[in-house]
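Chemist: Data: my_file22.txt, compact mmCIF, C-alpha atoms and all ligand atoms.
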# COMPACT_ATOMS: atom_id res chain seq x y z
CA MET U 1 13.46 -5.46 -10.50
CA LEU U 2 11.75 -2.61 -12.28
CA SER U 3 13.00 -1.42 -15.66
CA ASP U 4 13.90 2.24 -16.09
CA ALA U 5 10.59 2.83 -17.87
CA GLU U 6 8.68 1.17 -15.04
CA LYS U 7 10.53 3.23 -12.45
CA ALA U 8 9.67 6.40 -14.35
CA ALA U 9 6.00 5.36 -14.52
CA VAL U 10 5.89 4.66 -10.79
CA GLN U 11 7.50 7.98 -9.91
CA SER U 12 5.42 9.98 -12.34
CA LEU U 13 2.11 8.74 -10.94
CA TRP U 14 3.44 9.21 -7.42
CA SER U 15 4.13 12.88 -8.13
CA LYS U 16 0.37 13.28 -8.75
CA ALA U 17 -0.72 11.30 -5.70
CA SER U 18 1.79 12.52 -3.14
CA GLY U 19 -0.08 15.71 -2.27
CA ASN U 20 -3.16 13.80 -1.22
CA VAL U 21 -1.97 10.74 0.69
CA ASN U 22 -4.53 10.79 3.50
CA ALA U 23 -7.56 10.94 1.22
CA ILE U 24 -6.21 8.45 -1.30
CA GLY U 25 -4.99 6.11 1.42
CA ALA U 26 -8.31 6.29 3.25
CA GLU U 27 -10.20 5.52 0.05
CA ALA U 28 -7.95 2.54 -0.69
CA LEU U 29 -8.59 1.19 2.82
CA GLU U 30 -12.35 1.72 2.46
CA ARG U 31 -12.31 -0.19 -0.82
CA LEU U 32 -10.27 -2.95 0.83
CA PHE U 33 -12.69 -3.28 3.76
CA GLU U 34 -15.82 -3.10 1.55
CA SER U 35 -14.65 -5.70 -0.95
CA PHE U 36 -12.82 -7.96 1.49
CA PRO U 37 -14.53 -7.61 4.88
CA GLN U 38 -12.26 -10.21 6.49
CA THR U 39 -9.44 -7.64 6.30
CA LYS U 40 -11.28 -5.51 8.88
CA THR U 41 -10.34 -7.95 11.64
CA TYR U 42 -6.89 -6.33 11.95
CA PHE U 43 -8.48 -2.97 12.64
CA SER U 44 -11.03 -3.71 15.35
CA HIS U 45 -9.59 -0.81 17.36
CA PHE U 46 -10.24 1.66 14.52
CA ASP U 47 -13.28 3.71 13.60
CA LEU U 48 -13.87 2.37 10.08
CA SER U 49 -16.83 4.59 9.20
CA HIS U 50 -16.67 6.43 5.88
CA GLY U 51 -13.97 9.13 5.86
CA SER U 52 -13.09 8.63 9.54
CA HIS U 53 -10.03 10.20 11.13
CA ASP U 54 -8.56 6.71 11.72
CA LEU U 55 -8.92 5.83 8.03
CA GLN U 56 -7.32 9.11 6.98
CA VAL U 57 -4.39 8.78 9.37
CA HIS U 58 -3.71 5.11 8.69
CA GLY U 59 -4.26 5.54 4.95
CA GLY U 60 -1.73 8.38 5.04
CA LYS U 61 0.80 6.18 6.83
CA VAL U 62 0.44 3.30 4.38
CA LEU U 63 0.62 5.52 1.30
CA GLY U 64 3.40 7.57 2.89
CA ALA U 65 5.46 4.40 3.27
CA ILE U 66 4.78 3.54 -0.36
CA GLY U 67 5.82 7.06 -1.37
CA GLU U 68 9.03 6.71 0.60
CA ALA U 69 9.64 3.42 -1.22
CA THR U 70 9.39 5.20 -4.60
CA LYS U 71 12.65 6.95 -3.60
CA HIS U 72 14.42 3.63 -2.99
CA LEU U 73 13.44 1.54 -5.98
CA ASP U 74 16.85 -0.12 -6.15
CA ASN U 75 16.93 -0.74 -2.47
CA LEU U 76 13.46 -1.73 -1.32
CA GLU U 77 14.61 -4.39 1.10
CA SER U 78 16.63 -2.11 3.32
CA ALA U 79 14.24 0.82 2.87
CA LEU U 80 11.33 -1.32 4.14
CA SER U 81 13.24 -3.38 6.67
CA LYS U 82 11.61 -1.89 9.77
CA LEU U 83 8.12 -2.20 8.29
CA SER U 84 8.91 -5.75 7.31
CA ASP U 85 9.78 -6.59 10.92
CA LEU U 86 6.59 -4.91 12.12
CA HIS U 87 4.32 -6.88 9.78
CA ALA U 88 6.04 -10.22 10.31
CA TYR U 89 6.73 -10.25 14.03
CA ASN U 90 4.24 -7.87 15.48
CA LEU U 91 1.15 -7.51 13.32
CA ARG U 92 1.24 -10.99 11.76
CA VAL U 93 -0.99 -9.95 8.88
CA ASP U 94 -1.90 -12.92 6.68
CA PRO U 95 0.31 -12.53 3.56
CA GLY U 96 -2.69 -13.01 1.24
CA ASN U 97 -4.02 -9.66 2.36
CA PHE U 98 -1.20 -7.78 0.69
CA ASN U 99 -2.53 -8.61 -2.77
CA LEU U 100 -5.95 -7.39 -1.75
CA LEU U 101 -4.58 -4.05 -0.56
CA SER U 102 -2.46 -3.69 -3.70
CA HIS U 103 -5.59 -4.21 -5.75
CA ALA U 104 -7.54 -1.61 -3.75
CA ILE U 105 -4.71 0.91 -4.19
CA GLN U 106 -4.70 0.38 -7.95
CA VAL U 107 -8.45 0.82 -8.24
CA THR U 108 -8.19 4.03 -6.20
CA PHE U 109 -5.45 5.36 -8.48
CA ALA U 110 -7.54 4.48 -11.53
CA SER U 111 -10.50 6.40 -10.18
CA HIS U 112 -8.45 9.52 -9.38
CA PHE U 113 -5.92 9.58 -12.21
CA CYS U 114 -7.78 8.04 -15.10
CA THR U 115 -5.56 9.58 -17.80
CA GLU U 116 -2.18 9.04 -16.16
CA PHE U 117 -2.94 5.60 -14.73
CA ASP U 118 -3.03 3.90 -18.11
CA ALA U 119 -2.24 0.23 -18.76
CA THR U 120 1.51 0.86 -18.75
CA ALA U 121 1.43 2.77 -15.48
CA GLN U 122 -0.81 0.16 -13.90
CA ALA U 123 1.50 -2.67 -14.92
CA ALA U 124 4.46 -0.82 -13.39
CA TRP U 125 2.54 -0.16 -10.16
CA ASP U 126 1.34 -3.74 -9.98
CA LYS U 127 4.94 -4.89 -10.14
CA PHE U 128 6.11 -2.27 -7.65
CA LEU U 129 3.37 -3.14 -5.13
CA SER U 130 4.18 -6.84 -5.53
CA TYR U 131 7.79 -6.11 -4.62
CA ILE U 132 6.74 -4.12 -1.59
CA SER U 133 4.42 -6.94 -0.53
CA ALA U 134 7.17 -9.51 -1.04
CA VAL U 135 9.51 -7.50 1.19
CA LEU U 136 6.86 -6.95 3.86
CA THR U 137 6.08 -10.68 3.99
CA SER U 138 9.66 -11.91 3.58
CA LYS U 139 10.32 -12.42 7.27
CA TYR U 140 7.30 -14.60 7.98
CA ARG U 141 8.01 -18.11 9.01
ZN1 LIG Z 201 0.37 -2.30 7.31
C1 LIG Z 201 0.66 -0.49 10.26
C2 LIG Z 201 2.41 0.11 5.75
C3 LIG Z 201 -0.07 -3.81 4.25
C4 LIG Z 201 -2.25 -4.11 8.62
N1 LIG Z 201 1.33 -0.55 7.91
C5 LIG Z 201 1.33 0.00 9.16
C6 LIG Z 201 2.13 1.20 9.18
C7 LIG Z 201 2.63 1.38 7.92
C8 LIG Z 201 2.12 0.27 7.12
C9 LIG Z 201 3.53 2.51 7.41
C10 LIG Z 201 2.37 2.14 10.41
C11 LIG Z 201 3.62 1.69 11.10
C12 LIG Z 201 3.95 2.57 12.26
O1 LIG Z 201 3.05 3.23 12.84
O2 LIG Z 201 5.13 2.57 12.65
N2 LIG Z 201 1.06 -1.92 5.38
C13 LIG Z 201 1.91 -0.94 4.95
C14 LIG Z 201 2.20 -1.10 3.55
C15 LIG Z 201 1.51 -2.21 3.13
C16 LIG Z 201 0.79 -2.70 4.29
C17 LIG Z 201 3.13 -0.20 2.75
C18 LIG Z 201 1.43 -2.84 1.80
C19 LIG Z 201 1.65 -2.24 0.65
N3 LIG Z 201 -0.92 -3.70 6.59
C20 LIG Z 201 -0.94 -4.20 5.31
C21 LIG Z 201 -2.01 -5.16 5.17
C22 LIG Z 201 -2.65 -5.24 6.38
C23 LIG Z 201 -1.93 -4.32 7.26
C24 LIG Z 201 -2.32 -5.93 3.90
C25 LIG Z 201 -3.84 -6.03 6.81
C26 LIG Z 201 -4.92 -6.21 6.05
N4 LIG Z 201 -0.60 -2.33 9.13
C27 LIG Z 201 -1.64 -3.17 9.46
C28 LIG Z 201 -2.03 -2.94 10.86
C29 LIG Z 201 -1.19 -1.90 11.33
C30 LIG Z 201 -0.31 -1.53 10.21
C31 LIG Z 201 -3.10 -3.69 11.62
C32 LIG Z 201 -1.18 -1.26 12.74
C33 LIG Z 201 -2.29 -0.22 12.78
C34 LIG Z 201 -2.36 0.49 14.10
O3 LIG Z 201 -2.01 1.68 14.15
O4 LIG Z 201 -2.79 -0.12 15.10
For the structure just supplied, provide its representation as structure tokens.
Ligand code: ZNH
Modeler:
Amino acid sequence: MLSDAEKAAVQSLWSKASGNVNAIGAEALERLFESFPQTKTYFSHFDLSHGSHDLQVHGGKVLGAIGEATKHLDNLESALSKLSDLHAYNLRVDPGNFNLLSHAIQVTFASHFCTEFDATAQAAWDKFLSYISAVLTSKYR
């Protein structure tokens, strides 16, 4: 689990990002799709053009769920249980893609919050996003 210092780093960066979830989420998705085009296959029903409404809305949902998770750092499994079911049973997203999205989110944070997202904050977020990914892929079989 995260140390108290890591929890504080996660929450502090989140307080900067939380007002802008659609734009930040959309940018993270755009970076994901540009760098790893195979990830687009899950979104064939979306308009993936730059800044599209679909990217904004879905980006907002993904980051919103991450924001919600920042409030349940001691309890991620139950907080993310419904999303975990969705990804495992319904969406069947290849687990390898979670690392790619985590990477895209971190690069997006770095480009928006260059001062706050220092090496310590990044390490905490990397750990946090790994835990989220582990929960979201825990029900695969
Ligand atoms: Zn996911 C969906 C989150 C990852 C794919 N997602 C979703 C949602 C959310 C999320 C919140 C919505 C739900 C509802 O509506 O109910 N995700 C998330 C997170 C993560 C993720 C947090 C991590 C971190 N996903 C992911 C990946 C992928 C995905 C990696 C691939 C690539 N998702 C998805 C899809 C969907 C989702 C496909 C569906 C969409 C629509 O709308 O259709």
Chemist: Could you list, as a PyMOL selection string, all residues that come within 10 Å of ligand LIG 201 (chain Z)? Count all atoms listed in the file.
Modeler: chain U and resi 29+32-33+36-46+54+57-69+80+82-84+86-87+90-103+105+128-137
Chemist: So what do you get for atom CA of U:Tyr140 versus atom CA of U:Ala88, distance-wise?
Modeler: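 So the two atoms, atom CA of U:Tyr140 and atom CA of U:Ala88, lie 5.1 Å apart.
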Chemist: I'd like to know which of U:Ala8, U:Met1, U:Leu13, U:Leu73 is closest to U:Phe109, using all atoms listed in the file.
Modeler: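 Once distances to U:Phe109 are computed over all atoms listed in the file, the minimum belongs to U:Leu13.
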Chemist: Find, counting only C-alpha atoms, the residue in U:Ala79, U:Ala5, U:Ala119, U:Ala104 that gets nearest to U:Ile24.
Modeler: U:Ala104
Chemist: Of the candidates U:Ser138, U:Thr120, U:Thr108, U:Ser35, which one gets nearest to U:Glu6 if we count all atoms listed in the file?
Modeler: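 With all atoms listed in the file as the atom set, the closest residue is U:Thr120.
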Chemist: Using only C-alpha atoms for the distances, tell me which of U:Asp126, U:Glu30, U:Glu77, U:Glu116 is nearest to U:Lys139.
Modeler: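 Smallest separation from U:Lys139 among the options: U:Glu77.
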Chemist: Any idea what the distance is between atom CA of U:Leu48 and atom CA of U:Asn22?
Modeler: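 Answer for the atom CA of U:Leu48 to atom CA of U:Asn22 separation: 14.2 Å.
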Chemist: What gap, in Å, lies between atom CA of U:Val107 and atom CA of U:Ser81?
Modeler: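 The value is 26.7 Å.
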Chemist: Which residue, U:Leu76, U:Leu2, U:Val10, U:Ala110, has the smallest gap to U:Ala28 when you use all atoms listed in the file?
Modeler: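 Closest candidate: U:Ala110.
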Chemist: Some atoms are missing, so please complete stretch 98-131 of chain U with N, CA and C atoms and return it as a PDB file, in the coordinates of the input.
Modeler:
ATOM      1  N   PHE U  98      -1.988  -8.808   1.378  1.00  0.00           N
ATOM      2  CA  PHE U  98      -1.200  -7.780   0.690  1.00  0.00           C
ATOM      3  C   PHE U  98      -1.651  -7.608  -0.757  1.00  0.00           C
ATOM      4  N   ASN U  99      -2.001  -8.721  -1.397  1.00  0.00           N
ATOM      5  CA  ASN U  99      -2.530  -8.610  -2.770  1.00  0.00           C
ATOM      6  C   ASN U  99      -3.833  -7.837  -2.791  1.00  0.00           C
ATOM      7  N   LEU U 100      -4.647  -8.058  -1.777  1.00  0.00           N
ATOM      8  CA  LEU U 100      -5.950  -7.390  -1.750  1.00  0.00           C
ATOM      9  C   LEU U 100      -5.764  -5.876  -1.590  1.00  0.00           C
ATOM     10  N   LEU U 101      -4.840  -5.483  -0.727  1.00  0.00           N
ATOM     11  CA  LEU U 101      -4.580  -4.050  -0.560  1.00  0.00           C
ATOM     12  C   LEU U 101      -3.970  -3.457  -1.832  1.00  0.00           C
ATOM     13  N   SER U 102      -3.066  -4.192  -2.456  1.00  0.00           N
ATOM     14  CA  SER U 102      -2.460  -3.690  -3.700  1.00  0.00           C
ATOM     15  C   SER U 102      -3.535  -3.442  -4.759  1.00  0.00           C
ATOM     16  N   HIS U 103      -4.480  -4.363  -4.817  1.00  0.00           N
ATOM     17  CA  HIS U 103      -5.590  -4.210  -5.750  1.00  0.00           C
ATOM     18  C   HIS U 103      -6.401  -2.952  -5.422  1.00  0.00           C
ATOM     19  N   ALA U 104      -6.729  -2.771  -4.147  1.00  0.00           N
ATOM     20  CA  ALA U 104      -7.540  -1.610  -3.750  1.00  0.00           C
ATOM     21  C   ALA U 104      -6.806  -0.305  -4.056  1.00  0.00           C
ATOM     22  N   ILE U 105      -5.493  -0.291  -3.883  1.00  0.00           N
ATOM     23  CA  ILE U 105      -4.710   0.910  -4.190  1.00  0.00           C
ATOM     24  C   ILE U 105      -4.781   1.215  -5.691  1.00  0.00           C
ATOM     25  N   GLN U 106      -4.664   0.167  -6.504  1.00  0.00           N
ATOM     26  CA  GLN U 106      -4.700   0.380  -7.950  1.00  0.00           C
ATOM     27  C   GLN U 106      -6.059   0.883  -8.423  1.00  0.00           C
ATOM     28  N   VAL U 107      -7.112   0.350  -7.849  1.00  0.00           N
ATOM     29  CA  VAL U 107      -8.450   0.820  -8.240  1.00  0.00           C
ATOM     30  C   VAL U 107      -8.615   2.291  -7.834  1.00  0.00           C
ATOM     31  N   THR U 108      -8.087   2.637  -6.670  1.00  0.00           N
ATOM     32  CA  THR U 108      -8.190   4.030  -6.200  1.00  0.00           C
ATOM     33  C   THR U 108      -7.404   4.957  -7.143  1.00  0.00           C
ATOM     34  N   PHE U 109      -6.216   4.556  -7.521  1.00  0.00           N
ATOM     35  CA  PHE U 109      -5.450   5.360  -8.480  1.00  0.00           C
ATOM     36  C   PHE U 109      -6.229   5.516  -9.792  1.00  0.00           C
ATOM     37  N   ALA U 110      -6.803   4.415 -10.258  1.00  0.00           N
ATOM     38  CA  ALA U 110      -7.540   4.480 -11.530  1.00  0.00           C
ATOM     39  C   ALA U 110      -8.688   5.469 -11.437  1.00  0.00           C
ATOM     40  N   SER U 111      -9.346   5.514 -10.279  1.00  0.00           N
ATOM     41  CA  SER U 111     -10.500   6.400 -10.180  1.00  0.00           C
ATOM     42  C   SER U 111     -10.090   7.867 -10.032  1.00  0.00           C
ATOM     43  N   HIS U 112      -8.892   8.127  -9.532  1.00  0.00           N
ATOM     44  CA  HIS U 112      -8.450   9.520  -9.380  1.00  0.00           C
ATOM     45  C   HIS U 112      -7.639  10.035 -10.555  1.00  0.00           C
ATOM     46  N   PHE U 113      -6.883   9.149 -11.179  1.00  0.00           N
ATOM     47  CA  PHE U 113      -5.920   9.580 -12.210  1.00  0.00           C
ATOM     48  C   PHE U 113      -6.184   8.815 -13.493  1.00  0.00           C
ATOM     49  N   CYS U 114      -7.392   8.944 -14.017  1.00  0.00           N
ATOM     50  CA  CYS U 114      -7.780   8.040 -15.100  1.00  0.00           C
ATOM     51  C   CYS U 114      -6.889   8.199 -16.332  1.00  0.00           C
ATOM     52  N   THR U 115      -6.412   9.404 -16.615  1.00  0.00           N
ATOM     53  CA  THR U 115      -5.560   9.580 -17.800  1.00  0.00           C
ATOM     54  C   THR U 115      -4.162   9.021 -17.556  1.00  0.00           C
ATOM     55  N   GLU U 116      -3.574   9.434 -16.419  1.00  0.00           N
ATOM     56  CA  GLU U 116      -2.180   9.040 -16.160  1.00  0.00           C
ATOM     57  C   GLU U 116      -2.047   7.557 -15.842  1.00  0.00           C
ATOM     58  N   PHE U 117      -3.051   6.998 -15.165  1.00  0.00           N
ATOM     59  CA  PHE U 117      -2.940   5.600 -14.730  1.00  0.00           C
ATOM     60  C   PHE U 117      -3.411   4.686 -15.853  1.00  0.00           C
ATOM     61  N   ASP U 118      -2.670   4.733 -16.957  1.00  0.00           N
ATOM     62  CA  ASP U 118      -3.030   3.900 -18.110  1.00  0.00           C
ATOM     63  C   ASP U 118      -2.482   2.481 -17.900  1.00  0.00           C
ATOM     64  N   ALA U 119      -2.624   1.641 -18.912  1.00  0.00           N
ATOM     65  CA  ALA U 119      -2.240   0.230 -18.760  1.00  0.00           C
ATOM     66  C   ALA U 119      -0.757   0.079 -18.420  1.00  0.00           C
ATOM     67  N   THR U 120       0.076   0.943 -19.018  1.00  0.00           N
ATOM     68  CA  THR U 120       1.510   0.860 -18.750  1.00  0.00           C
ATOM     69  C   THR U 120       1.817   1.238 -17.302  1.00  0.00           C
ATOM     70  N   ALA U 121       1.198   2.324 -16.859  1.00  0.00           N
ATOM     71  CA  ALA U 121       1.430   2.770 -15.480  1.00  0.00           C
ATOM     72  C   ALA U 121       0.896   1.721 -14.502  1.00  0.00           C
ATOM     73  N   GLN U 122      -0.261   1.159 -14.814  1.00  0.00           N
ATOM     74  CA  GLN U 122      -0.810   0.160 -13.900  1.00  0.00           C
ATOM     75  C   GLN U 122       0.103  -1.061 -13.795  1.00  0.00           C
ATOM     76  N   ALA U 123       0.616  -1.503 -14.936  1.00  0.00           N
ATOM     77  CA  ALA U 123       1.500  -2.670 -14.920  1.00  0.00           C
ATOM     78  C   ALA U 123       2.736  -2.397 -14.067  1.00  0.00           C
ATOM     79  N   ALA U 124       3.276  -1.187 -14.182  1.00  0.00           N
ATOM     80  CA  ALA U 124       4.460  -0.820 -13.390  1.00  0.00           C
ATOM     81  C   ALA U 124       4.110  -0.799 -11.899  1.00  0.00           C
ATOM     82  N   TRP U 125       2.956  -0.212 -11.566  1.00  0.00           N
ATOM     83  CA  TRP U 125       2.540  -0.160 -10.160  1.00  0.00           C
ATOM     84  C   TRP U 125       2.237  -1.538  -9.606  1.00  0.00           C
ATOM     85  N   ASP U 126       1.646  -2.380 -10.442  1.00  0.00           N
ATOM     86  CA  ASP U 126       1.340  -3.740  -9.980  1.00  0.00           C
ATOM     87  C   ASP U 126       2.631  -4.459  -9.582  1.00  0.00           C
ATOM     88  N   LYS U 127       3.649  -4.277 -10.415  1.00  0.00           N
ATOM     89  CA  LYS U 127       4.940  -4.890 -10.140  1.00  0.00           C
ATOM     90  C   LYS U 127       5.577  -4.296  -8.878  1.00  0.00           C
ATOM     91  N   PHE U 128       5.542  -2.976  -8.801  1.00  0.00           N
ATOM     92  CA  PHE U 128       6.110  -2.270  -7.650  1.00  0.00           C
ATOM     93  C   PHE U 128       5.426  -2.712  -6.341  1.00  0.00           C
ATOM     94  N   LEU U 129       4.096  -2.741  -6.350  1.00  0.00           N
ATOM     95  CA  LEU U 129       3.370  -3.140  -5.130  1.00  0.00           C
ATOM     96  C   LEU U 129       3.619  -4.608  -4.796  1.00  0.00           C
ATOM     97  N   SER U 130       3.829  -5.444  -5.802  1.00  0.00           N
ATOM     98  CA  SER U 130       4.180  -6.840  -5.530  1.00  0.00           C
ATOM     99  C   SER U 130       5.535  -6.940  -4.841  1.00  0.00           C
ATOM    100  N   TYR U 131       6.479  -6.095  -5.279  1.00  0.00           N
ATOM    101  CA  TYR U 131       7.790  -6.110  -4.620  1.00  0.00           C
ATOM    102  C   TYR U 131       7.679  -5.651  -3.178  1.00  0.00           C
TER     103      TYR U 131
END
